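> Handing you this structure, nothing more for now.
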Amino acid sequence: MLTREDAELTRLQAFKDFKVKHPRLEEMDEVLMRAIHGYRSFTLLALYGASGVGKSTVMKQIASRCREEEADPAVVPVVVVQASPEDIGTSARLDYYRQVLAQLQRHTAVRDRARSLPLFTTPGKKSQDPAEWLDMRDAVEYALELLRVKVVFVDEAQHLMSVDAHHKPTTQLDWLKTLTNRTNVLHVLAGNFDLYDCCHLNGQAARRMRDLHFSRYHLDNETECKEFAGALKRLLEQVPLTVDIPDLLTHWRWFGEWSLGCIGVLGDWMVETVDALYKEGKTTLTMEALTRHALQSDQRVRMEMEARTGEYKVARAKAQSELDLQRLLGTTPMLTGANGANPVPAPIGVEAHGRGSTRIERAATRDPVGDQMQTANTLKCTFADRVEIVPKQFLDSGVARVECPECQALRQITPRRGVIRYPSHDKRKTRAPQTEPRWAQDEAGWNIISGAKKGL
């Protein structure tokens, strides 16, 4: 008979293994499955996005499904490689070769061939002998063909594509492009936004490679807000504790902000909270517990800035490519800014530098979010001023939403250069009371409140 601790561990593991289905994940799943099984003219596919968005999850999900659906026991449809940040250039290639052969050596012919390779049988061995390197490459190509591998997934692939100072930036890409051309095995490279740069190093790479952005959910888009709230609901339904789902769902925006719109971050957060409550002997999932186990403020800032910087880099590069193409074709560029610059706004805190230009920052304004709809007759609120809250106190509180003292509109604010400033904004139209945790001004100054204000 299972003890209480064993039962809790079993339920916790089941919750940890649960992967919520959501539109972003299903979209990536569909695109990758089509690339694996359909016609394609490319052999490299870069899948990039913010940390915790679900890249590893979708690869594991597809790998498991492909293995289950393969009826021929002589076929190994998928190989999964984990790139290491410690290996660069030729060391990364050797690590790739070893991982592929290790997964495919169940076949006698592959195992016998691998045993004769000093670079495979001797861990840590380095070699300057070209013949030994060619033997490793030939063995990998032989194994991929013999076992009819359809796809190789490379997780944290930005490490595989890194080169040392003595080699050209295209060195790793040229090696991998040659390998995939010879085997015609699709390689899906999953990693951060650095992979986008690898896709566009030269024309040869552009022809044989495609890139795919695994986007997070953005809370300034009504459709994405609904999709995130739906994913949150499905996740809460699986929590192995007593959960007031309707109440927690009223805080969906708070969940979105502290998970950065990434379902993987949200899932890890939930699992950590449930595990802690089990150890404390608690049986109910509460906002207080979730707040305690949310990302720390400095973690959230770093992750948010990395995500925004990556998204801005990709958006800017794609917009510039459109502009360059229009110029090459001799058509009139549209939607360009001053001096022909593309008007992709830099995210808050991200600097844009150009040839002969000075520092450019996005103005301290906030786009409309959620269910606030722009109209031609929208009036501006009169309040747009400095908020007298100590920045450290603001960040440590974990509450980033601030209520306008004039119209009660809510805005998420990030301190800039030690100053918290409420941006210019449209006057709030609805008079429904705000209920989520937020900073609000009263007679005593700025304080955190939750629920409707008295008198509203």
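As shown in the structure tokens, the chain order sets the letters A, B, ...; within each chain, residues go from 1, and ligands are also counted from 1 in the order they appear.
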Hey, what does DSSP flag as alpha helix (DSSP H) within range 21-161 of chain A? Can you give it to me as JSON, numbers by chain?

{"A": [23, 24, 25, 26, 27, 28, 29, 30, 31, 32, 33, 34, 35, 36, 37, 55, 56, 57, 58, 59, 60, 61, 62, 63, 64, 65, 66, 67, 68, 69, 90, 91, 92, 93, 94, 95, 96, 97, 98, 99, 100, 101, 102, 103, 104, 108, 109, 110, 111, 112, 113, 114, 115, 118, 119, 120, 121, 130, 131, 132, 133, 134, 135, 136, 137, 138, 139, 140, 141, 142, 143, 144, 145, 146, 157, 158, 159, 160]}

> Give me a file of those residues, with C-alpha atoms, as a PDB file, in the first residue's frame.


ATOM      1  CA  PRO A  23      -2.277  26.969 -29.958  1.00  0.00           C
ATOM      2  CA  ARG A  24       1.409  27.943 -30.160  1.00  0.00           C
ATOM      3  CA  LEU A  25       2.554  24.398 -29.392  1.00  0.00           C
ATOM      4  CA  GLU A  26       0.100  22.813 -31.818  1.00  0.00           C
ATOM      5  CA  GLU A  27       1.118  25.234 -34.574  1.00  0.00           C
ATOM      6  CA  MET A  28       4.810  24.341 -34.175  1.00  0.00           C
ATOM      7  CA  ASP A  29       3.940  20.638 -34.003  1.00  0.00           C
ATOM      8  CA  GLU A  30       2.040  20.836 -37.291  1.00  0.00           C
ATOM      9  CA  VAL A  31       4.804  22.735 -39.105  1.00  0.00           C
ATOM     10  CA  LEU A  32       7.531  20.362 -37.926  1.00  0.00           C
ATOM     11  CA  MET A  33       5.552  17.222 -38.770  1.00  0.00           C
ATOM     12  CA  ARG A  34       4.916  18.574 -42.247  1.00  0.00           C
ATOM     13  CA  ALA A  35       8.638  19.245 -42.699  1.00  0.00           C
ATOM     14  CA  ILE A  36       9.512  15.708 -41.531  1.00  0.00           C
ATOM     15  CA  HIS A  37       6.993  13.791 -43.632  1.00  0.00           C
ATOM     16  CA  LYS A  55      10.892  24.351 -27.987  1.00  0.00           C
ATOM     17  CA  SER A  56      12.191  21.290 -26.109  1.00  0.00           C
ATOM     18  CA  THR A  57       8.646  20.173 -25.330  1.00  0.00           C
ATOM     19  CA  VAL A  58       7.526  20.128 -28.950  1.00  0.00           C
ATOM     20  CA  MET A  59      10.664  18.221 -30.004  1.00  0.00           C
ATOM     21  CA  LYS A  60      10.196  15.562 -27.311  1.00  0.00           C
ATOM     22  CA  GLN A  61       6.515  15.306 -28.200  1.00  0.00           C
ATOM     23  CA  ILE A  62       7.234  14.747 -31.896  1.00  0.00           C
ATOM     24  CA  ALA A  63      10.132  12.360 -31.225  1.00  0.00           C
ATOM     25  CA  SER A  64       7.917  10.200 -29.015  1.00  0.00           C
ATOM     26  CA  ARG A  65       5.095  10.166 -31.569  1.00  0.00           C
ATOM     27  CA  CYS A  66       7.392   9.306 -34.488  1.00  0.00           C
ATOM     28  CA  ARG A  67       8.865   6.373 -32.572  1.00  0.00           C
ATOM     29  CA  GLU A  68       5.421   5.081 -31.571  1.00  0.00           C
ATOM     30  CA  GLU A  69       4.082   5.343 -35.119  1.00  0.00           C
ATOM     31  CA  THR A  90      35.436  20.937 -33.835  1.00  0.00           C
ATOM     32  CA  SER A  91      34.722  19.824 -30.254  1.00  0.00           C
ATOM     33  CA  ALA A  92      31.020  20.425 -30.871  1.00  0.00           C
ATOM     34  CA  ARG A  93      31.174  18.360 -34.065  1.00  0.00           C
ATOM     35  CA  LEU A  94      32.854  15.487 -32.240  1.00  0.00           C
ATOM     36  CA  ASP A  95      30.212  15.604 -29.507  1.00  0.00           C
ATOM     37  CA  TYR A  96      27.515  15.515 -32.212  1.00  0.00           C
ATOM     38  CA  TYR A  97      29.124  12.481 -33.904  1.00  0.00           C
ATOM     39  CA  ARG A  98      29.421  10.600 -30.616  1.00  0.00           C
ATOM     40  CA  GLN A  99      25.807  11.230 -29.582  1.00  0.00           C
ATOM     41  CA  VAL A 100      24.439  10.124 -32.966  1.00  0.00           C
ATOM     42  CA  LEU A 101      26.489   6.915 -33.015  1.00  0.00           C
ATOM     43  CA  ALA A 102      25.625   6.149 -29.389  1.00  0.00           C
ATOM     44  CA  GLN A 103      21.913   6.232 -30.208  1.00  0.00           C
ATOM     45  CA  LEU A 104      22.231   4.198 -33.408  1.00  0.00           C
ATOM     46  CA  THR A 108      25.156  -4.660 -35.255  1.00  0.00           C
ATOM     47  CA  ALA A 109      26.755  -3.112 -38.348  1.00  0.00           C
ATOM     48  CA  VAL A 110      26.816   0.354 -36.736  1.00  0.00           C
ATOM     49  CA  ARG A 111      28.122  -1.015 -33.426  1.00  0.00           C
ATOM     50  CA  ASP A 112      30.925  -2.941 -35.109  1.00  0.00           C
ATOM     51  CA  ARG A 113      31.948   0.092 -37.110  1.00  0.00           C
ATOM     52  CA  ALA A 114      31.850   2.394 -34.082  1.00  0.00           C
ATOM     53  CA  ARG A 115      34.130   0.055 -32.086  1.00  0.00           C
ATOM     54  CA  PRO A 118      39.350   5.783 -31.688  1.00  0.00           C
ATOM     55  CA  LEU A 119      37.472   9.110 -31.463  1.00  0.00           C
ATOM     56  CA  PHE A 120      34.312   7.233 -30.434  1.00  0.00           C
ATOM     57  CA  THR A 121      35.705   4.578 -28.115  1.00  0.00           C
ATOM     58  CA  PRO A 130      42.173  14.045 -40.754  1.00  0.00           C
ATOM     59  CA  ALA A 131      41.670  10.334 -41.419  1.00  0.00           C
ATOM     60  CA  GLU A 132      40.160   9.767 -37.948  1.00  0.00           C
ATOM     61  CA  TRP A 133      37.772  12.671 -38.434  1.00  0.00           C
ATOM     62  CA  LEU A 134      36.711  11.405 -41.851  1.00  0.00           C
ATOM     63  CA  ASP A 135      36.098   7.952 -40.391  1.00  0.00           C
ATOM     64  CA  MET A 136      33.784   9.460 -37.760  1.00  0.00           C
ATOM     65  CA  ARG A 137      31.865  11.471 -40.337  1.00  0.00           C
ATOM     66  CA  ASP A 138      31.523   8.507 -42.688  1.00  0.00           C
ATOM     67  CA  ALA A 139      30.311   6.290 -39.843  1.00  0.00           C
ATOM     68  CA  VAL A 140      27.613   8.817 -38.906  1.00  0.00           C
ATOM     69  CA  GLU A 141      26.458   9.167 -42.513  1.00  0.00           C
ATOM     70  CA  TYR A 142      26.401   5.368 -42.844  1.00  0.00           C
ATOM     71  CA  ALA A 143      24.344   4.960 -39.662  1.00  0.00           C
ATOM     72  CA  LEU A 144      21.829   7.660 -40.601  1.00  0.00           C
ATOM     73  CA  GLU A 145      21.265   6.028 -43.991  1.00  0.00           C
ATOM     74  CA  LEU A 146      21.216   2.420 -42.753  1.00  0.00           C
ATOM     75  CA  ALA A 157      21.733  24.288 -31.061  1.00  0.00           C
ATOM     76  CA  GLN A 158      23.252  27.753 -30.711  1.00  0.00           C
ATOM     77  CA  HIS A 159      26.170  25.984 -28.988  1.00  0.00           C
ATOM     78  CA  LEU A 160      26.652  23.606 -31.919  1.00  0.00           C
TER      79      LEU A 160
END

> Could you pull the residues within 8 Å of Gly398 in chain A, counting only C-alpha atoms, minus those fewer than 6 positions along the same chain, as a list of chain:residue names?

A:Thr291, A:Gln296, A:Ser297

> How would the residues just picked look written out with N, CA and C atoms as a compact mmCIF listing (two decimals), in the first residue's frame?


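Dumped to result_19.txt:
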# COMPACT_ATOMS: atom_id res chain seq x y z
N THR A 291 2.80 33.43 -5.42
CA THR A 291 3.63 34.63 -5.37
C THR A 291 5.01 34.32 -4.81
N GLN A 296 12.09 35.51 -9.43
CA GLN A 296 12.58 36.69 -8.73
C GLN A 296 12.62 37.87 -9.71
N SER A 297 12.56 39.06 -9.17
CA SER A 297 12.47 40.25 -10.01
C SER A 297 13.64 40.36 -10.98

> Would you please give, as a ChimeraX atom specification, all residues of range 56-143 of chain A that DSSP assigns to strand (DSSP E or B) based on the backbone?

/A:78-82

> What does the distance between CA of Thr242 in chain A and CA of Gln299 in chain A come to in Å, to one decimal place?

28.9 Å

> Measuring atom to atom with only C-alpha atoms, identify which of A:Gly256, A:Arg210, A:Arg148, A:Asp174 is nearest to Glu224 in chain A.

A:Gly256

> Select, from A:Arg428, A:Ile389, A:Asp220, A:Thr283, the residue with the minimum atom-to-atom distance to Gly445 in chain A, counting only C-alpha atoms.

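With only C-alpha atoms as the atom set, the closest residue is A:Ile389.
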
> Hey, can you check how far CA of Thr382 in chain A sits from CA of Gln408 in chain A?

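So the answer is 11.9 Å.
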
> When you count only C-alpha atoms, which of these residues is closest to Lys392 in chain A: A:Ala315, A:Leu9, A:Leu173, A:Ile420?

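For Lys392 in chain A, the nearest of the candidates is A:Ile420.
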
> When you count only C-alpha atoms, which of these residues is closest to Gln13 in chain A: A:Val271, A:Ala452, A:Val53, A:Leu266?

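Distance minimum relative to Gln13 in chain A lands on A:Val271.
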
> Could you pull the residues within 8 Å of Val314 in chain A, counting only C-alpha atoms, minus those fewer than 4 positions along the same chain, as a ChimeraX atom specification?

/A:193,196,310,318

> With N, CA and C atoms kept, could you save the residues just selected as a compact mmCIF listing (two decimals), in the first residue's frame?


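Saved result, part14.txt, follows:
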# COMPACT_ATOMS: atom_id res chain seq x y z
N PHE A 193 17.60 33.11 -29.85
CA PHE A 193 17.51 33.97 -31.03
C PHE A 193 18.82 34.07 -31.81
N TYR A 196 18.82 32.70 -35.39
CA TYR A 196 18.33 33.47 -36.53
C TYR A 196 19.50 34.01 -37.35
N GLY A 310 15.58 39.83 -28.54
CA GLY A 310 15.55 38.86 -29.63
C GLY A 310 14.40 39.11 -30.60
N LYS A 318 13.82 41.23 -40.45
CA LYS A 318 12.84 40.85 -41.48
C LYS A 318 12.31 42.09 -42.20

> Show which residues sit within 8 Å of Phe15 in chain A, as an mmCIF file with N, CA and C atoms, in the first residue's frame. Count only C-alpha atoms, and ignore same-chain residues fewer than 2 positions away.


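Ended up saving to around05.cif:
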data_model
loop_
_atom_site.group_PDB
_atom_site.id
_atom_site.type_symbol
_atom_site.label_atom_id
_atom_site.label_comp_id
_atom_site.auth_asym_id
_atom_site.auth_seq_id
_atom_site.Cartn_x
_atom_site.Cartn_y
_atom_site.Cartn_z
ATOM 1 N N ARG A 11 1.565 11.679 -7.779
ATOM 2 C CA ARG A 11 0.714 12.726 -8.350
ATOM 3 C C ARG A 11 1.559 13.896 -8.861
ATOM 4 N N LEU A 12 2.613 14.230 -8.107
ATOM 5 C CA LEU A 12 3.479 15.333 -8.527
ATOM 6 C C LEU A 12 4.190 14.993 -9.831
ATOM 7 N N GLN A 13 4.671 13.738 -9.966
ATOM 8 C CA GLN A 13 5.351 13.342 -11.194
ATOM 9 C C GLN A 13 4.392 13.360 -12.377
ATOM 10 N N ASP A 17 4.828 15.641 -15.655
ATOM 11 C CA ASP A 17 4.867 15.062 -17.000
ATOM 12 C C ASP A 17 3.773 15.616 -17.914
ATOM 13 N N PHE A 18 2.748 16.196 -17.310
ATOM 14 C CA PHE A 18 1.651 16.727 -18.121
ATOM 15 C C PHE A 18 2.115 17.944 -18.913
ATOM 16 N N GLN A 238 -5.263 20.391 -13.872
ATOM 17 C CA GLN A 238 -4.436 19.209 -13.606
ATOM 18 C C GLN A 238 -3.686 19.290 -12.277
ATOM 19 N N VAL A 239 -3.758 20.424 -11.602
ATOM 20 C CA VAL A 239 -3.025 20.582 -10.340
ATOM 21 C C VAL A 239 -3.549 19.596 -9.300
ATOM 22 N N PRO A 240 -2.683 18.771 -8.704
ATOM 23 C CA PRO A 240 -3.128 17.753 -7.738
ATOM 24 C C PRO A 240 -3.342 18.317 -6.333
ATOM 25 N N VAL A 271 4.685 23.589 -10.954
ATOM 26 C CA VAL A 271 5.248 22.372 -10.370
ATOM 27 C C VAL A 271 6.042 22.697 -9.111
#

> Would you mind telling me which residue in A:Glu227, A:Asp211, A:Asp72, A:Glu257 lies nearest to Cys199 in chain A when using only C-alpha atoms?

A:Asp211

> Given only C-alpha atoms as the basis, pick out the residue of A:Val151, A:Cys404, A:Leu248, A:Leu45 nearest to Val75 in chain A.

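Looking only at the distances to Val75 in chain A, the closest residue turns out to be A:Val151.
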
> Using Å and a single decimal, report how far CA of Ala444 in chain A sits from CA of Val387 in chain A.

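Between CA of Val387 in chain A and CA of Ala444 in chain A the gap is 13.7 Å.
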
> Which residues come within 12 Å of Lys279 in chain A, counting only C-alpha atoms, excluding same-chain residues fewer than 4 positions away, as JSON, numbers by chain?

{"A": [4, 5, 8, 9, 12, 272, 273, 274, 275, 283]}
